[in-house]
Every structure is written in C-alpha cells, then in structure tokens.
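Here's the structure we're looking at; comments come further down.
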Amino acid sequence: MAANSFFKIFLPKDRIFYSLFETAADTVHKMGITLQEMVYEADEDKRASILAQIENMEHKNDDLTHTIFTELGRNFITPIDREDIHQLATALDDIADYIYASAKKINFYKINPNDTGIHKLTELILQGSIEIKKATHGLRDMKNLREMTEAIVKINSIENQADDVFDMSIEMLFNSENDFKEVIKKREIYQVLEIATDKCEDAANVIESIIIKYA
C-alpha cells in the first residue's frame with residue numbers, strides 16, 4: 001500500500017493540466033465574445049459595465065495561470081514537456097491580457113467604437129479565440145488532429161488578415177481624421193487589438209509544437 005501511494009506521486013496528472021488549459025481557452029473565447037459586444041454598444045455607461053465583465057474574466061485567467069504554474073511545481077512528471085506547459089499557459093494568459101487592454105483603452109479614451117477598423121479587428125479576435133478553443137480542447141487525447149491542424153492554419157490566416165486590417169485602418173485614419181489626439185487614441189487601440197491576434201498565433205504555435213512532439 002505504501003509503495004502504491006509513493007508511486008502515485010509520480011503519475012502525471014493529465015486531467016489537472018488539460019482541464020486548466022481548457023478552462024483558460026474557454027475564458028479567452030468568452031472574452032472575445034464580450035469584447036465584440038462592447039464595441040457594438042453605443043451607450044458609454046453600458047460599455048463600462050461590459051468592461052467590468054472583461055476585467056473579471058481576465059482576473060480569472062490570471063488565477064488559472066497561477067494554478068498551472070503551482071501544479072507544475074508540484075508534479076514531478078507531467079503529461080507534456082514542462083516548457084510547453086509553461087509556454088501555453090503564458091500564451092493563453094497573454095491573449096486575455098490584450099483583450100482586456102483593448103477594452104480598457106476604448107473605455108479610457110472614451111472613443112466611440114463604431115469604427116470599421118475596430119469592428120473588423122474585434123471580429124478577428126473572436127474568430128481567433130474560437131480556433132484557440134478548438135485546438136486547446138484537442139490536446140487532451142490528440143484524437144482529432146485534423147481539426148486541431150485546421151484551427152492552427154485558420155489562426156495564422158486570421159493574424160495575416162489582422163495585419164492587413166491594421167494597415168488599412170491606419171491609412172484611413174490619417175486620411176479622414178484631422179484631430180491629432182483622435183489619431184493617437186485610435187492608433188493605440190488598433191495596435192492593441194492587432195497584438196491580441198498576434199498572441200492567438202503565439203498560442204497556436206505552441207500547440208503546433210506539442211502536436212509535432214506527441215501526436
């Protein structure tokens with residue numbers, strides 16, 4: 001009995017890590033949905049209320065990331081490389097951070113988010129979060145590699161689209177906006193939104209590396 005108990009200490013706790021990753025990806029997806037709700041909301045007070053929801057979800061993901069790192073310290077054997085666990089946890093947390101940062105800037109600058117560039121970039125973030133959720137949920141058993149691979153390819157495409165939308169939005173902004181302060185504000189918002197899609201691609205790259213190693 002004592003030997004069995006000792007051996008259990010070294011068994012990989014697959015469900016712990018995979019469940020935490022799945023919850024983090026689910027939260028990122030919910031943040032993407034809520035950010036899109038925010039940029040289509042005309043009422044400033046209601047946008048502030050939506051921002052509070054996004055903030056709560058970002059804090060939830062901070063806690064999940066901390067839990068993953070704590071479990072990493074507790075478990076001698078892990079289901080995938082420790083470095084991959086650390087990188088994926090960090091990448092998912094970064095997506096949440098930049099979604100929250102985007103929402104904060106919109107609220108702080110009191111920008112009317114009824115803007116084509118903002119709408120297109122938030123839509124791309126939402127699409128990216130959907131694909132991140134698919135790819136992350138596939139890690140547990142690696143049975144649906146085609147869906148995971150397709151999700152990764154879509155995320156790479158989304159990031160490329162976001163680059164194009166950012167460039168076009170900046171061009172339109174300089175051509176149509178005469179208030180220099182507004183130019184600075186909107187440019188910062190475009191930039192943070194575009195970085196959120198970069199972070200989706202970073203997470204996808206980590207997942208792709210895990211697939212190559214373990215599939």
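Residue names in the structure tokens use chain letters A, B, ... in the order shown, residue numbers from 1 in each chain, and ligand numbers from 1 in the order shown.
Residues in contact with Lys104 in chain A at 10 Å, where only C-alpha atoms are counted and same-chain residues fewer than 6 positions away are skipped, are listed as A:Ala48, A:Leu51, A:Ala52, A:Ile54, A:Glu55, A:Tyr98, A:Lys110, A:Ile189.
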With a distance cut-off of 7 Å and only C-alpha atoms, select the neighbouring residues of Gly117 in chain A, excluding the residue or stretch itself and same-chain residues fewer than 3 positions from it, and output the selection as a VMD selection string.
chain A and resid 120 to 121 165 169
Store the residues of this selection in a file with C-alpha atoms, as a JSON list (two decimals), in the first residue's frame.
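Just written: out.json:
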```
[["chain", "number", "residue", "atom", "x", "y", "z"],
["A", 120, "LYS", "CA", -13.08, 44.14, -38.05],
["A", 121, "LEU", "CA", -10.23, 43.60, -35.60],
["A", 165, "VAL", "CA", -6.85, 45.46, -41.45],
["A", 169, "SER", "CA", -7.28, 51.28, -40.76]]
```
If we count only C-alpha atoms and set the cut-off at 10 Å, which residues sit around Glu147 in chain A, ignoring sequence neighbours fewer than 6 positions away in its own chain? Please answer as a compact mmCIF listing (two decimals) with C-alpha atoms, in the first residue's frame.
```txt
# COMPACT_ATOMS: atom_id res chain seq x y z
CA GLU A 131 -9.99 28.37 -33.08
CA LYS A 134 -10.83 24.07 -30.62
CA ALA A 135 -7.08 23.46 -30.70
CA GLY A 138 -7.94 18.74 -28.74
CA VAL A 153 -3.94 27.21 -40.05
```
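Nearest to Arg47 in chain A of all the residues A:Met172, A:Ala196, A:Leu35, A:Ile155 is A:Leu35, based on only C-alpha atoms.
Distances here use only C-alpha atoms; by that measure, the residue among A:Glu150, A:Glu123, A:Glu201, A:Asp93 closest to His66 in chain A is A:Asp93.
Residue nearest His29 in chain A within the list A:Lys181, A:Lys133, A:Arg146, A:Lys199: A:Lys133 [criterion: smallest interatomic distance, only C-alpha atoms].
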Residue nearest Asn107 in chain A - candidates A:Arg74, A:Lys46, A:Arg187, A:His119, atoms counted: only C-alpha atoms:
A:Lys46
Those of range 71-196 of chain A in DSSP alpha helix (DSSP H), formatted as a ChimeraX atom specification:
/A:71-74,82-108,116-137,145-176,180-196
